[in-house]
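What follows is a single structure, written as structure tokens, with notes after it.
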Amino acid sequence: MNLFLRGKLRGFARTLRSLRTEADMRAAKKKMMGVIYAALVVFLGEPPVSFYWSYMGGSGACAGGDKEKKTPQRQGPFTPSDFYRKVVPFVMDAKISLINDPRNPFYKMYSVDYLGNVVGGKAVRYLNLPIADLKKYAAKTIDQDLPVWFGCDVGKDKDNEYGVMDTLLRDTDGAMPGFAKIGRGLKKAERLQYGHSLMTHAMVFTAYDTKVAGGSGGSGISKWRVENSWGEARGDKGYFLMTDQWFDEYMYQVVVDKSILDKNALDIISGATKPVVLPAWDPMGSLARLNPTTSV
């Protein structure tokens with residue numbers, strides 16, 4: 001399927017480049033998308049109009065089930081919009097993506113060119129804040145007994161067997177004398193600028209710890225509990241421990257409810273100023289390009 005689609009798309013690109021007017025290109029594009037849709041139907045079948053939601057146990061009030069009972073449950077049929085209205089227990093418009101991008105001024109709104117993938121949909125917007133603010137709002141959300149979706153550079157200083165994410169995980173200085181702090185010789189902004197780091201994976205925070213001394217920037221937090229989606233074979237049955245120092249270096253985005261933000265942040269979000277548009281290849285758009293549902 002992919003081989004066929006790549007061939008058709010490249011042929012279409014050649015045709016589009018031969019056309020002279022935007023009107024001709026848009027008319028041709030509409031026909032081309034029809035060909036691609038028909039091909040996908042041949043390979044994958046007609047997209048379903050509705051679906052049933054099956055799960056084990058309950059999901060609280062939104063599902064009308066009992067969390068303690070591990071019995072099969074089924075609801076539906078739903079259309080996608082019906083599922084969102086009847087089952088999803090929060091309003092998407094109430095959420096905001098906060099990023100930590102030290103290359104660019106804080107307390108400003110940003111977007112990424114060509115990132116929106118829904119015709120007529122809302123533009124992707126981020127509020128850029130210092131890392132201490134991301135910690136503050138993540139902790140406030142967890143205090144409300146809610147998980148926090150986040151985006152990070154998951155491949156750095158991580159051990160899958162033990163489920164640890166820590167900047168001091170490996171003694172690179174001792175192993176390679178003369179090459180002190182490999183990669184960490186670059187500051188966070190420089191790692192983004194030179195392509196050494198970017199958002200590569202999304203997970204959720206489910207808890208944090210202040211009992212053990214630690215943390216940075218006055219957060220008082222020493223470590224965070226991370227729930228991953230790679231199955232129970234990695235980490236502690238799918239859970240990882242992230243140190244607060246790792247948060248500083250490789251955390252880039254959290255999604256929280258607007259209601260917990262302070263007045264200054266809310267004023268920036270509601271302001272009439274258009275967001276600064278970052279180029280399409282910017283690392284702040286890398287995770288959303290890989291997972292188009294991850295930016296709000």
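Ligands are numbered from 1 in the order shown, chains are lettered A, B, ... in the order of the structure tokens, and residues start at 1 in each chain.
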
Report as a PyMOL selection string: the residues of stretch 98-227 of chain A with a DSSP assignment of strand (DSSP E), based on the backbone of this structure. chain A and resi 98-99+108-112+126-128+148-152+158-159+164-165+201-209+223-227

Save the residues we just selected, N, CA and C atoms, as a compact mmCIF listing (two decimals), in the first residue's frame?
# COMPACT_ATOMS: atom_id res chain seq x y z
N LEU A 98 1.14 24.17 27.14
CA LEU A 98 2.23 25.03 27.63
C LEU A 98 3.54 24.41 27.17
N ILE A 99 4.44 25.22 26.63
CA ILE A 99 5.73 24.73 26.20
C ILE A 99 6.84 25.45 26.94
N LYS A 108 4.71 34.42 25.67
CA LYS A 108 4.16 34.72 24.34
C LYS A 108 3.52 33.47 23.76
N MET A 109 2.57 33.68 22.86
CA MET A 109 1.90 32.58 22.18
C MET A 109 2.67 32.23 20.90
N TYR A 110 2.73 30.93 20.61
CA TYR A 110 3.43 30.45 19.41
C TYR A 110 2.56 29.44 18.68
N SER A 111 2.83 29.30 17.39
CA SER A 111 2.23 28.26 16.58
C SER A 111 3.31 27.74 15.65
N VAL A 112 3.00 26.67 14.91
CA VAL A 112 3.96 26.10 13.96
C VAL A 112 3.29 26.05 12.59
N TYR A 126 0.53 27.42 21.32
CA TYR A 126 1.29 27.09 22.52
C TYR A 126 1.56 28.38 23.30
N LEU A 127 1.56 28.28 24.62
CA LEU A 127 2.00 29.38 25.47
C LEU A 127 3.37 29.01 26.02
N ASN A 128 4.39 29.81 25.69
CA ASN A 128 5.76 29.53 26.10
C ASN A 128 6.02 30.11 27.49
N VAL A 148 -1.50 14.34 33.79
CA VAL A 148 -1.01 15.44 32.96
C VAL A 148 -0.34 14.88 31.72
N TRP A 149 -0.91 15.17 30.57
CA TRP A 149 -0.28 14.79 29.30
C TRP A 149 0.96 15.66 29.09
N PHE A 150 2.06 15.05 28.60
CA PHE A 150 3.26 15.85 28.34
C PHE A 150 4.04 15.29 27.16
N GLY A 151 4.87 16.16 26.57
CA GLY A 151 5.76 15.78 25.47
C GLY A 151 7.20 16.03 25.87
N CYS A 152 8.10 15.07 25.55
CA CYS A 152 9.48 15.17 25.98
C CYS A 152 10.41 14.51 24.96
N LYS A 158 17.83 7.56 29.68
CA LYS A 158 16.70 6.74 30.12
C LYS A 158 17.11 5.26 30.11
N ASP A 159 16.62 4.51 31.09
CA ASP A 159 16.84 3.06 31.14
C ASP A 159 15.49 2.37 31.17
N VAL A 164 13.93 4.36 34.64
CA VAL A 164 14.48 5.57 35.24
C VAL A 164 14.85 6.57 34.14
N MET A 165 14.51 7.83 34.38
CA MET A 165 14.88 8.93 33.50
C MET A 165 15.61 9.95 34.37
N HIS A 201 8.11 11.91 22.13
CA HIS A 201 7.16 10.95 22.69
C HIS A 201 6.24 11.66 23.68
N ALA A 202 5.00 11.16 23.78
CA ALA A 202 4.03 11.70 24.72
C ALA A 202 3.69 10.65 25.77
N MET A 203 3.59 11.07 27.03
CA MET A 203 3.21 10.21 28.15
C MET A 203 2.35 11.02 29.10
N VAL A 204 2.10 10.48 30.30
CA VAL A 204 1.35 11.25 31.29
C VAL A 204 2.03 11.16 32.65
N PHE A 205 1.97 12.26 33.39
CA PHE A 205 2.36 12.27 34.79
C PHE A 205 1.16 11.84 35.62
N THR A 206 1.40 11.00 36.63
CA THR A 206 0.32 10.59 37.52
C THR A 206 0.61 10.90 38.99
N ALA A 207 1.85 11.32 39.30
CA ALA A 207 2.18 11.65 40.69
C ALA A 207 3.52 12.36 40.72
N TYR A 208 3.81 13.01 41.87
CA TYR A 208 5.14 13.59 42.09
C TYR A 208 5.49 13.41 43.56
N ASP A 209 6.79 13.58 43.87
CA ASP A 209 7.27 13.30 45.22
C ASP A 209 8.01 14.52 45.77
N LYS A 223 11.03 14.05 42.21
CA LYS A 223 10.82 13.13 41.09
C LYS A 223 9.34 13.06 40.73
N TRP A 224 9.09 12.56 39.51
CA TRP A 224 7.75 12.46 38.95
C TRP A 224 7.48 11.02 38.54
N ARG A 225 6.24 10.57 38.71
CA ARG A 225 5.86 9.24 38.24
C ARG A 225 5.23 9.37 36.85
N VAL A 226 5.76 8.60 35.91
CA VAL A 226 5.36 8.67 34.51
C VAL A 226 4.66 7.38 34.12
N GLU A 227 3.50 7.49 33.52
CA GLU A 227 2.82 6.33 32.95
C GLU A 227 3.04 6.32 31.45

Give me the residues near A:Trp53 as a VMD selection string, where near means some atom within 8 Å (using only C-alpha atoms) and where sequence neighbours in that chain fewer than 3 positions away do not count. chain A and resid 74 to 78

If DSSP is run on the backbone, what residues of stretch 59-287 of chain A are alpha helix (DSSP H)? A reply as a ChimeraX atom specification would be ideal. /A:80-86,131-143,172-175,188-193,244-250,263-270,286-287

So that I have them on file, write out the residues from the current selection with N, CA and C atoms, as a compact mmCIF listing (two decimals), in the first residue's frame.
# COMPACT_ATOMS: atom_id res chain seq x y z
N PRO A 80 -18.03 9.61 15.82
CA PRO A 80 -16.93 10.24 16.56
C PRO A 80 -17.38 11.43 17.40
N SER A 81 -18.24 12.29 16.85
CA SER A 81 -18.68 13.46 17.61
C SER A 81 -19.58 13.05 18.78
N ASP A 82 -20.41 12.00 18.57
CA ASP A 82 -21.23 11.49 19.68
C ASP A 82 -20.35 10.97 20.82
N PHE A 83 -19.30 10.25 20.46
CA PHE A 83 -18.40 9.70 21.47
C PHE A 83 -17.77 10.82 22.29
N TYR A 84 -17.35 11.88 21.63
CA TYR A 84 -16.74 13.00 22.35
C TYR A 84 -17.75 13.65 23.29
N ARG A 85 -18.96 13.89 22.81
CA ARG A 85 -19.97 14.58 23.64
C ARG A 85 -20.43 13.73 24.82
N LYS A 86 -20.56 12.40 24.64
CA LYS A 86 -21.18 11.56 25.65
C LYS A 86 -20.19 10.87 26.58
N ILE A 131 10.40 26.89 32.72
CA ILE A 131 10.21 25.50 33.13
C ILE A 131 9.55 25.40 34.51
N ALA A 132 9.82 26.37 35.40
CA ALA A 132 9.22 26.34 36.73
C ALA A 132 7.70 26.44 36.66
N ASP A 133 7.19 27.18 35.67
CA ASP A 133 5.74 27.30 35.52
C ASP A 133 5.13 25.99 35.04
N LEU A 134 5.81 25.28 34.14
CA LEU A 134 5.30 23.99 33.70
C LEU A 134 5.20 23.03 34.88
N LYS A 135 6.20 23.06 35.77
CA LYS A 135 6.17 22.20 36.96
C LYS A 135 5.00 22.60 37.87
N LYS A 136 4.85 23.90 38.06
CA LYS A 136 3.80 24.39 38.96
C LYS A 136 2.41 23.94 38.49
N TYR A 137 2.15 24.10 37.21
CA TYR A 137 0.82 23.77 36.69
C TYR A 137 0.62 22.26 36.56
N ALA A 138 1.69 21.54 36.29
CA ALA A 138 1.58 20.07 36.27
C ALA A 138 1.25 19.56 37.67
N ALA A 139 1.93 20.09 38.69
CA ALA A 139 1.68 19.66 40.06
C ALA A 139 0.27 20.04 40.51
N LYS A 140 -0.21 21.23 40.14
CA LYS A 140 -1.56 21.64 40.51
C LYS A 140 -2.61 20.71 39.90
N THR A 141 -2.34 20.26 38.68
CA THR A 141 -3.29 19.35 38.03
C THR A 141 -3.30 17.99 38.74
N ILE A 142 -2.11 17.48 39.08
CA ILE A 142 -2.03 16.21 39.80
C ILE A 142 -2.70 16.33 41.17
N ASP A 143 -2.57 17.50 41.81
CA ASP A 143 -3.23 17.73 43.09
C ASP A 143 -4.75 17.60 42.99
N THR A 172 29.10 9.37 32.07
CA THR A 172 29.79 9.57 30.80
C THR A 172 31.17 10.21 31.00
N ASP A 173 31.31 11.03 32.04
CA ASP A 173 32.62 11.64 32.30
C ASP A 173 33.66 10.58 32.64
N GLY A 174 33.27 9.62 33.49
CA GLY A 174 34.21 8.58 33.89
C GLY A 174 34.49 7.60 32.77
N ALA A 175 33.48 7.32 31.95
CA ALA A 175 33.66 6.35 30.87
C ALA A 175 34.48 6.90 29.72
N LYS A 188 19.99 23.84 26.97
CA LYS A 188 18.72 23.34 26.43
C LYS A 188 18.36 24.07 25.13
N ALA A 189 18.49 25.39 25.12
CA ALA A 189 18.17 26.14 23.91
C ALA A 189 19.08 25.74 22.76
N GLU A 190 20.35 25.50 23.06
CA GLU A 190 21.30 25.12 22.01
C GLU A 190 21.02 23.71 21.49
N ARG A 191 20.59 22.81 22.37
CA ARG A 191 20.24 21.46 21.90
C ARG A 191 19.09 21.50 20.91
N LEU A 192 18.12 22.37 21.17
CA LEU A 192 17.02 22.55 20.23
C LEU A 192 17.52 23.18 18.93
N GLN A 193 18.35 24.18 19.07
CA GLN A 193 18.83 24.91 17.90
C GLN A 193 19.66 24.03 16.97
N ASP A 244 13.54 15.37 38.79
CA ASP A 244 13.19 16.75 38.49
C ASP A 244 14.25 17.41 37.59
N GLN A 245 15.50 16.98 37.72
CA GLN A 245 16.55 17.53 36.86
C GLN A 245 16.35 17.10 35.41
N TRP A 246 15.85 15.87 35.21
CA TRP A 246 15.53 15.42 33.85
C TRP A 246 14.42 16.28 33.27
N PHE A 247 13.42 16.58 34.10
CA PHE A 247 12.32 17.47 33.70
C PHE A 247 12.89 18.78 33.17
N ASP A 248 13.85 19.37 33.87
CA ASP A 248 14.44 20.63 33.44
C ASP A 248 15.02 20.55 32.03
N GLU A 249 15.70 19.45 31.73
CA GLU A 249 16.49 19.38 30.51
C GLU A 249 15.72 18.89 29.29
N TYR A 250 14.78 17.98 29.47
CA TYR A 250 14.19 17.30 28.30
C TYR A 250 12.67 17.37 28.23
N LYS A 263 -3.49 34.97 36.35
CA LYS A 263 -4.11 35.99 35.51
C LYS A 263 -3.20 36.40 34.35
N ASN A 264 -1.91 36.50 34.60
CA ASN A 264 -0.99 36.93 33.55
C ASN A 264 -1.04 35.96 32.37
N ALA A 265 -1.01 34.66 32.66
CA ALA A 265 -1.05 33.67 31.59
C ALA A 265 -2.39 33.70 30.86
N LEU A 266 -3.49 33.84 31.61
CA LEU A 266 -4.81 33.89 30.98
C LEU A 266 -4.95 35.11 30.08
N ASP A 267 -4.40 36.24 30.51
CA ASP A 267 -4.47 37.45 29.69
C ASP A 267 -3.73 37.26 28.37
N ILE A 268 -2.60 36.55 28.41
CA ILE A 268 -1.84 36.31 27.19
C ILE A 268 -2.63 35.41 26.24
N ILE A 269 -3.27 34.39 26.79
CA ILE A 269 -4.04 33.46 25.96
C ILE A 269 -5.23 34.15 25.30
N SER A 270 -5.90 34.99 26.06
CA SER A 270 -7.11 35.64 25.55
C SER A 270 -6.82 36.92 24.77
N SER A 286 7.50 18.85 16.28
CA SER A 286 7.91 17.49 15.91
C SER A 286 6.94 16.43 16.45
N LEU A 287 6.49 16.57 17.67
CA LEU A 287 5.62 15.57 18.28
C LEU A 287 4.24 15.58 17.62

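Of the residues under consideration (A:Asn117, A:Thr273, A:Thr200, A:Thr167), A:Thr200 shows the shortest atom-to-atom contact distance to A:Gly155 when counting only C-alpha atoms.
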
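Among A:Leu198, A:Ile96, A:Lys187, A:Gly45, the residue with the shortest atom-to-atom distance to A:Arg125, counting only C-alpha atoms, is A:Ile96.
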
Quick check, in Å to one decimal: how far apart do atom CA of A:Lys258 and atom CA of A:Leu146 lie? 13.9 Å
